[in-house]
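File shown: model-v1.pdb (PDB, C-alpha atoms and all ligand atoms).
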```
ATOM      1  CA  MET A  47     -39.198 -16.095   2.182  1.00  0.00           C
ATOM      2  CA  LYS A  48     -37.144 -14.827  -0.727  1.00  0.00           C
ATOM      3  CA  THR A  49     -35.594 -17.199  -3.186  1.00  0.00           C
ATOM      4  CA  GLU A  50     -31.904 -17.134  -2.567  1.00  0.00           C
ATOM      5  CA  ASP A  51     -29.341 -16.485  -5.214  1.00  0.00           C
ATOM      6  CA  VAL A  52     -27.644 -19.514  -6.625  1.00  0.00           C
ATOM      7  CA  MET A  53     -24.076 -19.599  -5.414  1.00  0.00           C
ATOM      8  CA  VAL A  54     -21.554 -20.221  -8.128  1.00  0.00           C
ATOM      9  CA  LYS A  55     -17.838 -20.744  -7.985  1.00  0.00           C
ATOM     10  CA  CYS A  56     -15.587 -17.975  -9.205  1.00  0.00           C
ATOM     11  CA  LYS A  57     -13.217 -19.257 -11.871  1.00  0.00           C
ATOM     12  CA  LYS A  58     -10.485 -16.967 -10.654  1.00  0.00           C
ATOM     13  CA  CYS A  59     -10.332 -17.269  -6.857  1.00  0.00           C
ATOM     14  CA  ASN A  60     -12.531 -20.369  -6.430  1.00  0.00           C
ATOM     15  CA  GLY A  61     -14.694 -18.511  -3.917  1.00  0.00           C
ATOM     16  CA  LEU A  62     -18.467 -18.708  -3.934  1.00  0.00           C
ATOM     17  CA  ALA A  63     -20.552 -15.712  -4.924  1.00  0.00           C
ATOM     18  CA  PRO A  64     -24.210 -15.135  -5.878  1.00  0.00           C
ATOM     19  CA  ALA A  65     -24.719 -15.815  -9.571  1.00  0.00           C
ATOM     20  CA  SER A  66     -26.436 -12.470 -10.043  1.00  0.00           C
ATOM     21  CA  GLN A  67     -23.280 -10.643  -8.922  1.00  0.00           C
ATOM     22  CA  MET A  68     -20.878 -12.459 -11.174  1.00  0.00           C
ATOM     23  CA  LYS A  69     -19.427 -10.385 -13.972  1.00  0.00           C
ATOM     24  CA  LEU A  70     -17.767 -11.444 -17.166  1.00  0.00           C
ATOM     25  CA  ASP A  71     -14.112 -10.555 -17.216  1.00  0.00           C
ATOM     26  CA  ILE A  72     -13.254  -9.759 -20.796  1.00  0.00           C
ATOM     27  CA  GLU A  73      -9.515 -10.399 -20.499  1.00  0.00           C
ATOM     28  CA  PHE A  74     -10.050 -13.556 -18.480  1.00  0.00           C
ATOM     29  CA  GLY A  75     -12.971 -14.740 -20.644  1.00  0.00           C
ATOM     30  CA  LYS A  76     -14.786 -16.172 -17.607  1.00  0.00           C
ATOM     31  CA  MET A  77     -17.266 -15.105 -14.976  1.00  0.00           C
ATOM     32  CA  ILE A  78     -15.589 -13.717 -11.872  1.00  0.00           C
ATOM     33  CA  CYS A  79     -16.895 -12.727  -8.446  1.00  0.00           C
ATOM     34  CA  PRO A  80     -17.342  -9.169  -7.049  1.00  0.00           C
ATOM     35  CA  ASP A  81     -14.165  -9.517  -4.987  1.00  0.00           C
ATOM     36  CA  CYS A  82     -12.080 -10.263  -8.056  1.00  0.00           C
ATOM     37  CA  ILE A  83     -13.663  -7.327  -9.878  1.00  0.00           C
ATOM     38  CA  LYS A  84     -12.739  -5.067  -6.955  1.00  0.00           C
ATOM     39  CA  SER A  85      -9.135  -6.230  -6.803  1.00  0.00           C
ATOM     40  CA  LYS A  86      -8.838  -5.714 -10.543  1.00  0.00           C
ATOM     41  CA  SER A  87      -9.839  -2.064 -10.366  1.00  0.00           C
ATOM     42  CA  LYS A  88      -7.494  -1.463  -7.433  1.00  0.00           C
ATOM     43  CA  LYS A  89      -4.509  -1.988  -9.688  1.00  0.00           C
ATOM     44  CA  LYS A  90      -5.283   1.239 -11.471  1.00  0.00           C
ATOM     45  CA  ASP A  91      -4.828   3.240  -8.267  1.00  0.00           C
ATOM     46  CA  GLU A  92      -2.088   5.789  -8.903  1.00  0.00           C
ATOM     47  CA  SER A  93      -2.405   7.755  -5.681  1.00  0.00           C
ATOM     48  CA  LYS A  94       0.601   6.006  -4.193  1.00  0.00           C
ATOM     49  CA  GLN A  95       3.105   7.791  -6.390  1.00  0.00           C
ATOM     50  CA  VAL A  96       5.666   9.602  -4.242  1.00  0.00           C
ATOM     51  CA  PRO A  97       8.310  12.058  -5.406  1.00  0.00           C
ATOM     52  CA  VAL A  98      11.665  10.321  -5.356  1.00  0.00           C
ATOM     53  CA  SER A  99      14.204  12.820  -4.091  1.00  0.00           C
ATOM     54  CA  ASP A 100      12.330  13.969  -1.002  1.00  0.00           C
ATOM     55  CA  LYS A 101      14.774  13.669   1.859  1.00  0.00           C
ATOM     56  CA  ILE A 102      14.816  15.054   5.338  1.00  0.00           C
ATOM     57  CA  HIS A 103      18.141  16.121   6.773  1.00  0.00           C
ATOM     58  CA  TYR A 104      18.906  15.371  10.382  1.00  0.00           C
ATOM     59  CA  VAL A 105      21.658  16.448  12.699  1.00  0.00           C
ATOM     60  CA  CYS A 106      22.703  14.877  15.991  1.00  0.00           C
ATOM     61  CA  LYS A 107      23.045  17.437  18.753  1.00  0.00           C
ATOM     62  CA  SER A 108      25.497  15.269  20.673  1.00  0.00           C
ATOM     63  CA  CYS A 109      28.128  14.507  18.067  1.00  0.00           C
ATOM     64  CA  ASP A 110      27.105  16.788  15.200  1.00  0.00           C
ATOM     65  CA  TYR A 111      26.698  13.859  12.841  1.00  0.00           C
ATOM     66  CA  LYS A 112      24.603  14.806   9.835  1.00  0.00           C
ATOM     67  CA  PHE A 113      22.586  12.411   7.725  1.00  0.00           C
ATOM     68  CA  ALA A 114      19.533  12.267   5.488  1.00  0.00           C
ATOM     69  CA  ARG A 115      16.605   9.919   5.340  1.00  0.00           C
ATOM     70  CA  SER A 116      13.900   9.547   2.738  1.00  0.00           C
ATOM     71  CA  LYS A 117      10.646  11.235   3.744  1.00  0.00           C
ATOM     72  CA  ASP A 118       8.586   8.044   3.713  1.00  0.00           C
ATOM     73  CA  ILE A 119      10.856   6.317   6.242  1.00  0.00           C
ATOM     74  CA  ALA A 120       9.935   6.976   9.851  1.00  0.00           C
ATOM     75  CA  ASN A 121      11.995   9.524  11.720  1.00  0.00           C
ATOM     76  CA  PRO A 122      15.101   8.018  13.293  1.00  0.00           C
ATOM     77  CA  ASN A 123      15.054   8.010  17.082  1.00  0.00           C
ATOM     78  CA  ASN A 124      18.730   7.545  17.655  1.00  0.00           C
ATOM     79  CA  CYS A 125      21.862   8.848  16.038  1.00  0.00           C
ATOM     80  CA  PRO A 126      23.359   6.204  13.720  1.00  0.00           C
ATOM     81  CA  TYR A 127      26.825   7.391  14.777  1.00  0.00           C
ATOM     82  CA  CYS A 128      26.741   7.757  18.574  1.00  0.00           C
ATOM     83  CA  GLY A 129      23.393   6.069  19.290  1.00  0.00           C
ATOM     84  CA  LYS A 130      22.023   8.897  21.425  1.00  0.00           C
ATOM     85  CA  PRO A 131      18.383  10.036  21.051  1.00  0.00           C
ATOM     86  CA  THR A 132      19.404  13.593  20.268  1.00  0.00           C
ATOM     87  CA  ILE A 133      18.275  13.828  16.651  1.00  0.00           C
ATOM     88  CA  ASP A 134      17.089  17.164  15.336  1.00  0.00           C
ATOM     89  CA  VAL A 135      15.781  18.088  11.923  1.00  0.00           C
ATOM     90  CA  GLU A 136      18.300  20.277  10.198  1.00  0.00           C
ATOM     91  CA  LYS A 137      16.795  23.425   8.760  1.00  0.00           C
ATOM     92  CA  GLN A 138      17.910  24.233   5.267  1.00  0.00           C
TER
HETATM   93 ZN    ZN B 201     -13.182 -14.410  -7.408  1.00  0.00          ZN
HETATM   94 ZN    ZN B 202      25.339  11.423  17.478  1.00  0.00          ZN
END
```
Written as structure tokens, that's how I'd like the structure from this file.
Amino acid sequence: MKTEDVMVKCKKCNGLAPASQMKLDIEFGKMICPDCIKSKSKKKDESKQVPVSDKIHYVCKSCDYKFARSKDIANPNNCPYCGKPTIDVEKQ
């Protein structure tokens, strides 16, 4: 049977982690667990940057109401003016 790692408490999240996996956080000045190390590096993720002015233009086929929605918002199902589900993407 292998000798198990000593579990130590992370000074940041108070969770237990094997002592051999603890890393010294230079900014924090204390030993932190692998989970805290992971969440630290996630902050540097820049892949979520989205262009701002990306809008899709819609037109309602029932009442001809035209409107625009940002690309990252889900497509509208109903016309905000007449409430009918007759939304079409307006070609530019
Ligand atoms: Zn932690
Ligand atoms: Zn409409």
Produce a table with one row for each residue of chain A that has an atom at most 9 Å from any atom of ligand ZN 201 (chain B), each row naming the nearest atom pair and its distance in Å at one decimal; use only C-alpha atoms and all ligand atoms; arrange rows by chain and rising residue number; format as a tab-separated table.
```
residue	atom	partner	partner_atom	distance
A:Lys55	CA	B:ZN201	ZN	7.9
A:Cys56	CA	B:ZN201	ZN	4.7
A:Lys57	CA	B:ZN201	ZN	6.6
A:Lys58	CA	B:ZN201	ZN	4.9
A:Cys59	CA	B:ZN201	ZN	4.1
A:Asn60	CA	B:ZN201	ZN	6.1
A:Gly61	CA	B:ZN201	ZN	5.6
A:Leu62	CA	B:ZN201	ZN	7.6
A:Ala63	CA	B:ZN201	ZN	7.9
A:Met68	CA	B:ZN201	ZN	8.8
A:Met77	CA	B:ZN201	ZN	8.6
A:Ile78	CA	B:ZN201	ZN	5.1
A:Cys79	CA	B:ZN201	ZN	4.2
A:Pro80	CA	B:ZN201	ZN	6.7
A:Asp81	CA	B:ZN201	ZN	5.5
A:Cys82	CA	B:ZN201	ZN	4.3
A:Ile83	CA	B:ZN201	ZN	7.5
```
Report as a list in words the full result of the PyMOL selection byres (((not hetatm)) within 12 of (chain B and resi 202)) when it is applied to this structure. Tyr104, Val105, Cys106, Lys107, Ser108, Cys109, Asp110, Tyr111, Lys112, Phe113, Pro122, Asn123, Asn124, Cys125, Pro126, Tyr127, Cys128, Gly129, Lys130, Pro131, Thr132, Ile133 and Asp134 of chain A
Selected residues, C-alpha atoms, written as an mmCIF file, keeping the file's coordinate frame, please.
```cif
data_model
loop_
_atom_site.group_PDB
_atom_site.id
_atom_site.type_symbol
_atom_site.label_atom_id
_atom_site.label_comp_id
_atom_site.auth_asym_id
_atom_site.auth_seq_id
_atom_site.Cartn_x
_atom_site.Cartn_y
_atom_site.Cartn_z
ATOM 1 C CA TYR A 104 18.906 15.371 10.382
ATOM 2 C CA VAL A 105 21.658 16.448 12.699
ATOM 3 C CA CYS A 106 22.703 14.877 15.991
ATOM 4 C CA LYS A 107 23.045 17.437 18.753
ATOM 5 C CA SER A 108 25.497 15.269 20.673
ATOM 6 C CA CYS A 109 28.128 14.507 18.067
ATOM 7 C CA ASP A 110 27.105 16.788 15.200
ATOM 8 C CA TYR A 111 26.698 13.859 12.841
ATOM 9 C CA LYS A 112 24.603 14.806 9.835
ATOM 10 C CA PHE A 113 22.586 12.411 7.725
ATOM 11 C CA PRO A 122 15.101 8.018 13.293
ATOM 12 C CA ASN A 123 15.054 8.010 17.082
ATOM 13 C CA ASN A 124 18.730 7.545 17.655
ATOM 14 C CA CYS A 125 21.862 8.848 16.038
ATOM 15 C CA PRO A 126 23.359 6.204 13.720
ATOM 16 C CA TYR A 127 26.825 7.391 14.777
ATOM 17 C CA CYS A 128 26.741 7.757 18.574
ATOM 18 C CA GLY A 129 23.393 6.069 19.290
ATOM 19 C CA LYS A 130 22.023 8.897 21.425
ATOM 20 C CA PRO A 131 18.383 10.036 21.051
ATOM 21 C CA THR A 132 19.404 13.593 20.268
ATOM 22 C CA ILE A 133 18.275 13.828 16.651
ATOM 23 C CA ASP A 134 17.089 17.164 15.336
#
```
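Near Asp100 (chain A), within a cut-off of 9 Å and counting only C-alpha atoms, sit the residues Arg115, Ser116, Lys117 and Asp118 of chain A, with same-chain residues fewer than 6 positions away left out.
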Those residues with C-alpha atoms, as a PDB file, keeping the file's coordinate frame please?
```pdb
ATOM      1  CA  ARG A 115      16.605   9.919   5.340  1.00  0.00           C
ATOM      2  CA  SER A 116      13.900   9.547   2.738  1.00  0.00           C
ATOM      3  CA  LYS A 117      10.646  11.235   3.744  1.00  0.00           C
ATOM      4  CA  ASP A 118       8.586   8.044   3.713  1.00  0.00           C
TER       5      ASP A 118
END
```
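CA of Asp71 (chain A) is positioned 9.8 Å from CA of Lys86 (chain A).
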At a cut-off of 10 Å, using all atoms listed in the file, what residues contact Asp51 (chain A)? Leave out same-chain residues fewer than 6 positions from it and give the result as a PyMOL selection string. chain A and resi 63-67
